[in-house]
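Engineer: To start, I am sharing the structure in question, which I have written as structure tokens.
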Amino acid sequence: MIAGHFGLAAAVKAGRPAIPVWTLMLGTAWLDVVFVPLYLSGVETIDGDGYGGGVIHADYTHSLVGALVLAALFGAVAASRLGREAGLVLGGVVFSHWLLDLVVHRPDLPILPGNAGDLPTFGFGLWRLPAVSAVVELLMLAIGIGLYWRAAAKRDPKRARALGLSAAAFGVVTLAADLLGV
């Protein structure tokens, strides 16, 4: 779903041109960025492989409460550097990661960090239908890039083509890597 997350970041950039695109891209992937060291240290794990084929045990970074905490922290740091409005937007972008994952993940998203209390886990499981999931992700990416390009064209028509082509190339590479399970 990383390509879908980046599509959302591109759409937000279209509406909030003052927020640096790199902060939106980092924000939308923040839960996964924090997941990596926890995965490498064995705290969080993945069973299975391939596009949507794994059950992810990201019981801290991808728990509902963990995502809210990471979003609040990211938003607070962003607010201190970029202003209150940017902090709120970026905090929302970070939390959007959990909401989008809720749609595609199998029921592997806990409510509390570490799945404390052994409460039910959530996920609507769109990944069980890989073709449908890939189409949804492609649409999110295309819509986000389209909105970003349209907004860029209004601001600077001469640079819009280069921005659009760069965003599209980045999107294709990201989607391909996502589908290949890289």
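Residue numbering restarts at 1 in every chain; chains get A, B, ... in the order shown in the structure tokens, and ligands count up from 1 in that same order.
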So which residues of range 35-143 of chain A fall under strand (DSSP E or B) by DSSP, listed as a PyMOL selection string?
Structural biologist: chain A and resi 45-47+55-57+109+122
Engineer: Using only C-alpha atoms, which residues sit within 6 Å of range 100-109 of chain A once same-chain residues fewer than 6 positions away are excluded, as a CSV table (one decimal) with N, CA and C atoms, in the first residue's frame?
Structural biologist:
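The resulting out.csv:
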chain,number,residue,atom,x,y,z
A,63,SER,N,-0.5,-0.2,15.8
A,63,SER,CA,-1.7,-0.3,16.7
A,63,SER,C,-2.4,1.0,16.5
A,121,THR,N,-8.2,-7.7,16.8
A,121,THR,CA,-7.4,-6.9,15.8
A,121,THR,C,-8.3,-6.6,14.6
A,122,PHE,N,-7.9,-5.6,13.9
A,122,PHE,CA,-8.7,-5.1,12.8
A,122,PHE,C,-8.0,-5.1,11.4
A,123,GLY,N,-8.8,-5.1,10.4
A,123,GLY,CA,-8.3,-5.1,9.0
A,123,GLY,C,-9.4,-5.6,8.1
A,124,PHE,N,-9.7,-4.9,7.1
A,124,PHE,CA,-10.8,-5.3,6.2
A,124,PHE,C,-10.4,-6.3,5.2
A,125,GLY,N,-9.1,-6.5,5.0
A,125,GLY,CA,-8.6,-7.6,4.2
A,125,GLY,C,-8.6,-7.4,2.6
A,126,LEU,N,-8.6,-6.2,2.1
A,126,LEU,CA,-8.6,-6.0,0.7
A,126,LEU,C,-7.4,-6.7,0.0
A,127,TRP,N,-6.3,-6.9,0.7
A,127,TRP,CA,-5.2,-7.7,0.2
A,127,TRP,C,-5.5,-9.1,-0.2
Engineer: Could you name the residues that touch Pro17 in chain A at 9 Å or less, counting only C-alpha atoms, but leaving out those on the same chain fewer than 4 positions away, as JSON, numbers by chain?
Structural biologist: {"A": [12, 13, 21, 151, 152]}
Engineer: Mind writing the picked residues with N, CA and C atoms as a short mmCIF file (atom, residue, chain, number, x, y, z; two decimals), in the first residue's frame?
Structural biologist:
data_model
loop_
_atom_site.label_atom_id
_atom_site.label_comp_id
_atom_site.auth_asym_id
_atom_site.auth_seq_id
_atom_site.Cartn_x
_atom_site.Cartn_y
_atom_site.Cartn_z
N VAL A 12 -2.52 15.71 -0.91
CA VAL A 12 -2.45 16.73 0.15
C VAL A 12 -1.55 17.88 -0.30
N LYS A 13 -0.45 17.57 -0.96
CA LYS A 13 0.46 18.61 -1.47
C LYS A 13 -0.28 19.54 -2.41
N VAL A 21 7.05 18.83 0.11
CA VAL A 21 6.61 17.51 -0.34
C VAL A 21 7.33 16.39 0.41
N ALA A 151 -2.41 21.22 -9.63
CA ALA A 151 -2.07 22.34 -8.75
C ALA A 151 -0.74 22.96 -9.15
N ALA A 152 0.23 22.12 -9.50
CA ALA A 152 1.54 22.63 -9.92
C ALA A 152 1.42 23.41 -11.22
#
Engineer: From the list A:Val36, A:Ala14, A:Gly42, A:Val173, which residue is nearest Leu138 in chain A when using only C-alpha atoms?
Structural biologist: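 Using only C-alpha atoms, Leu138 in chain A sits closest to A:Val173.
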Engineer: Report as a ChimeraX atom specification all protein, DNA and RNA residues lying within 12 Å of Phe95 in chain A, evaluated on only C-alpha atoms, omitting residues in the same chain fewer than 2 positions from it.
Structural biologist: /A:5,8-9,24,27-32,61-75,88-93,97-102
Engineer: May I have all residues of range 10-165 of chain A that DSSP, computed from the backbone, assigns to alpha helix (DSSP H), given as a ChimeraX atom specification?
Structural biologist: /A:10-15,21-40,64-82,84-104,130-155,157-165
Engineer: Using only C-alpha atoms, which residues sit within 12 Å of Ala3 in chain A once same-chain residues fewer than 4 positions away are excluded, as an NGL selection string?
Structural biologist: :A and (7-10 or 25 or 28-29 or 97 or 100-101 or 133-145 or 167-179 or 181-182)
Engineer: Emit the selected residues as an mmCIF file, in the first residue's frame, including N, CA and C atoms.
Structural biologist:
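Printed below is again_20.cif as written:
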data_model
loop_
_atom_site.group_PDB
_atom_site.id
_atom_site.type_symbol
_atom_site.label_atom_id
_atom_site.label_comp_id
_atom_site.auth_asym_id
_atom_site.auth_seq_id
_atom_site.Cartn_x
_atom_site.Cartn_y
_atom_site.Cartn_z
ATOM 1 N N GLY A 7 0.285 8.401 -2.946
ATOM 2 C CA GLY A 7 -0.773 9.076 -3.697
ATOM 3 C C GLY A 7 -1.530 10.051 -2.824
ATOM 4 N N LEU A 8 -1.820 9.645 -1.598
ATOM 5 C CA LEU A 8 -2.499 10.539 -0.665
ATOM 6 C C LEU A 8 -1.621 11.752 -0.354
ATOM 7 N N ALA A 9 -0.328 11.529 -0.145
ATOM 8 C CA ALA A 9 0.588 12.639 0.132
ATOM 9 C C ALA A 9 0.611 13.628 -1.031
ATOM 10 N N ALA A 10 0.606 13.125 -2.259
ATOM 11 C CA ALA A 10 0.588 14.006 -3.433
ATOM 12 C C ALA A 10 -0.701 14.818 -3.482
ATOM 13 N N MET A 25 5.695 13.067 2.184
ATOM 14 C CA MET A 25 6.096 11.698 1.842
ATOM 15 C C MET A 25 6.618 10.961 3.078
ATOM 16 N N THR A 28 3.545 10.269 5.455
ATOM 17 C CA THR A 28 2.641 9.195 5.048
ATOM 18 C C THR A 28 3.271 7.817 5.243
ATOM 19 N N ALA A 29 4.593 7.763 5.263
ATOM 20 C CA ALA A 29 5.299 6.491 5.464
ATOM 21 C C ALA A 29 5.840 6.344 6.890
ATOM 22 N N HIS A 97 -2.154 6.866 7.361
ATOM 23 C CA HIS A 97 -1.493 5.591 7.071
ATOM 24 C C HIS A 97 -2.265 4.448 7.725
ATOM 25 N N LEU A 100 -5.675 3.870 5.941
ATOM 26 C CA LEU A 100 -5.536 3.168 4.665
ATOM 27 C C LEU A 100 -5.139 1.710 4.891
ATOM 28 N N ASP A 101 -4.261 1.473 5.847
ATOM 29 C CA ASP A 101 -3.886 0.092 6.164
ATOM 30 C C ASP A 101 -5.080 -0.706 6.674
ATOM 31 N N SER A 133 -6.992 -4.884 -4.944
ATOM 32 C CA SER A 133 -6.147 -4.043 -4.105
ATOM 33 C C SER A 133 -5.168 -3.235 -4.954
ATOM 34 N N ALA A 134 -4.569 -3.873 -5.951
ATOM 35 C CA ALA A 134 -3.621 -3.182 -6.827
ATOM 36 C C ALA A 134 -4.318 -2.086 -7.626
ATOM 37 N N VAL A 135 -5.531 -2.343 -8.089
ATOM 38 C CA VAL A 135 -6.284 -1.323 -8.834
ATOM 39 C C VAL A 135 -6.613 -0.141 -7.930
ATOM 40 N N VAL A 136 -7.055 -0.416 -6.711
ATOM 41 C CA VAL A 136 -7.363 0.661 -5.759
ATOM 42 C C VAL A 136 -6.112 1.495 -5.494
ATOM 43 N N GLU A 137 -4.998 0.822 -5.288
ATOM 44 C CA GLU A 137 -3.745 1.523 -5.030
ATOM 45 C C GLU A 137 -3.317 2.359 -6.237
ATOM 46 N N LEU A 138 -3.444 1.797 -7.429
ATOM 47 C CA LEU A 138 -3.112 2.527 -8.648
ATOM 48 C C LEU A 138 -4.008 3.753 -8.808
ATOM 49 N N LEU A 139 -5.294 3.604 -8.524
ATOM 50 C CA LEU A 139 -6.213 4.745 -8.606
ATOM 51 C C LEU A 139 -5.838 5.835 -7.608
ATOM 52 N N MET A 140 -5.513 5.437 -6.388
ATOM 53 C CA MET A 140 -5.104 6.425 -5.384
ATOM 54 C C MET A 140 -3.864 7.174 -5.845
ATOM 55 N N LEU A 141 -2.923 6.446 -6.393
ATOM 56 C CA LEU A 141 -1.690 7.049 -6.876
ATOM 57 C C LEU A 141 -1.973 7.981 -8.050
ATOM 58 N N ALA A 142 -2.757 7.524 -9.009
ATOM 59 C CA ALA A 142 -3.058 8.335 -10.193
ATOM 60 C C ALA A 142 -3.830 9.597 -9.821
ATOM 61 N N ILE A 143 -4.804 9.465 -8.940
ATOM 62 C CA ILE A 143 -5.582 10.638 -8.524
ATOM 63 C C ILE A 143 -4.689 11.626 -7.775
ATOM 64 N N GLY A 144 -3.866 11.116 -6.867
ATOM 65 C CA GLY A 144 -2.961 11.994 -6.123
ATOM 66 C C GLY A 144 -1.996 12.722 -7.033
ATOM 67 N N ILE A 145 -1.383 11.996 -7.962
ATOM 68 C CA ILE A 145 -0.450 12.626 -8.900
ATOM 69 C C ILE A 145 -1.186 13.609 -9.801
ATOM 70 N N ALA A 167 6.793 12.848 -10.795
ATOM 71 C CA ALA A 167 5.859 12.214 -9.858
ATOM 72 C C ALA A 167 5.335 10.904 -10.429
ATOM 73 N N ALA A 168 5.012 10.894 -11.721
ATOM 74 C CA ALA A 168 4.499 9.673 -12.346
ATOM 75 C C ALA A 168 5.566 8.573 -12.353
ATOM 76 N N ALA A 169 6.809 8.930 -12.686
ATOM 77 C CA ALA A 169 7.896 7.941 -12.691
ATOM 78 C C ALA A 169 8.115 7.384 -11.285
ATOM 79 N N PHE A 170 8.141 8.272 -10.299
ATOM 80 C CA PHE A 170 8.282 7.836 -8.908
ATOM 81 C C PHE A 170 7.126 6.917 -8.531
ATOM 82 N N GLY A 171 5.937 7.274 -8.948
ATOM 83 C CA GLY A 171 4.755 6.471 -8.642
ATOM 84 C C GLY A 171 4.817 5.088 -9.253
ATOM 85 N N VAL A 172 5.229 5.000 -10.510
ATOM 86 C CA VAL A 172 5.317 3.707 -11.191
ATOM 87 C C VAL A 172 6.351 2.813 -10.506
ATOM 88 N N VAL A 173 7.506 3.378 -10.182
ATOM 89 C CA VAL A 173 8.550 2.600 -9.506
ATOM 90 C C VAL A 173 8.061 2.131 -8.136
ATOM 91 N N THR A 174 7.395 3.023 -7.407
ATOM 92 C CA THR A 174 6.888 2.671 -6.076
ATOM 93 C C THR A 174 5.833 1.582 -6.163
ATOM 94 N N LEU A 175 4.906 1.716 -7.106
ATOM 95 C CA LEU A 175 3.856 0.711 -7.259
ATOM 96 C C LEU A 175 4.459 -0.634 -7.665
ATOM 97 N N ALA A 176 5.422 -0.610 -8.592
ATOM 98 C CA ALA A 176 6.064 -1.857 -9.015
ATOM 99 C C ALA A 176 6.775 -2.528 -7.839
ATOM 100 N N ALA A 177 7.502 -1.741 -7.061
ATOM 101 C CA ALA A 177 8.190 -2.298 -5.890
ATOM 102 C C ALA A 177 7.188 -2.866 -4.897
ATOM 103 N N ASP A 178 6.085 -2.165 -4.721
ATOM 104 C CA ASP A 178 5.042 -2.616 -3.802
ATOM 105 C C ASP A 178 4.453 -3.951 -4.265
ATOM 106 N N LEU A 179 4.123 -4.039 -5.549
ATOM 107 C CA LEU A 179 3.523 -5.259 -6.086
ATOM 108 C C LEU A 179 4.495 -6.436 -6.071
ATOM 109 N N GLY A 181 6.670 -6.840 -3.782
ATOM 110 C CA GLY A 181 6.968 -7.150 -2.387
ATOM 111 C C GLY A 181 8.324 -6.668 -1.929
ATOM 112 N N VAL A 182 8.878 -5.690 -2.629
ATOM 113 C CA VAL A 182 10.197 -5.150 -2.271
ATOM 114 C C VAL A 182 10.065 -4.169 -1.132
#
Engineer: Quick one: pull the distance between CA of Leu26 in chain A and CA of Arg155 in chain A, Å, one decimal.
Structural biologist: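 These two atoms are separated by 23.4 Å.
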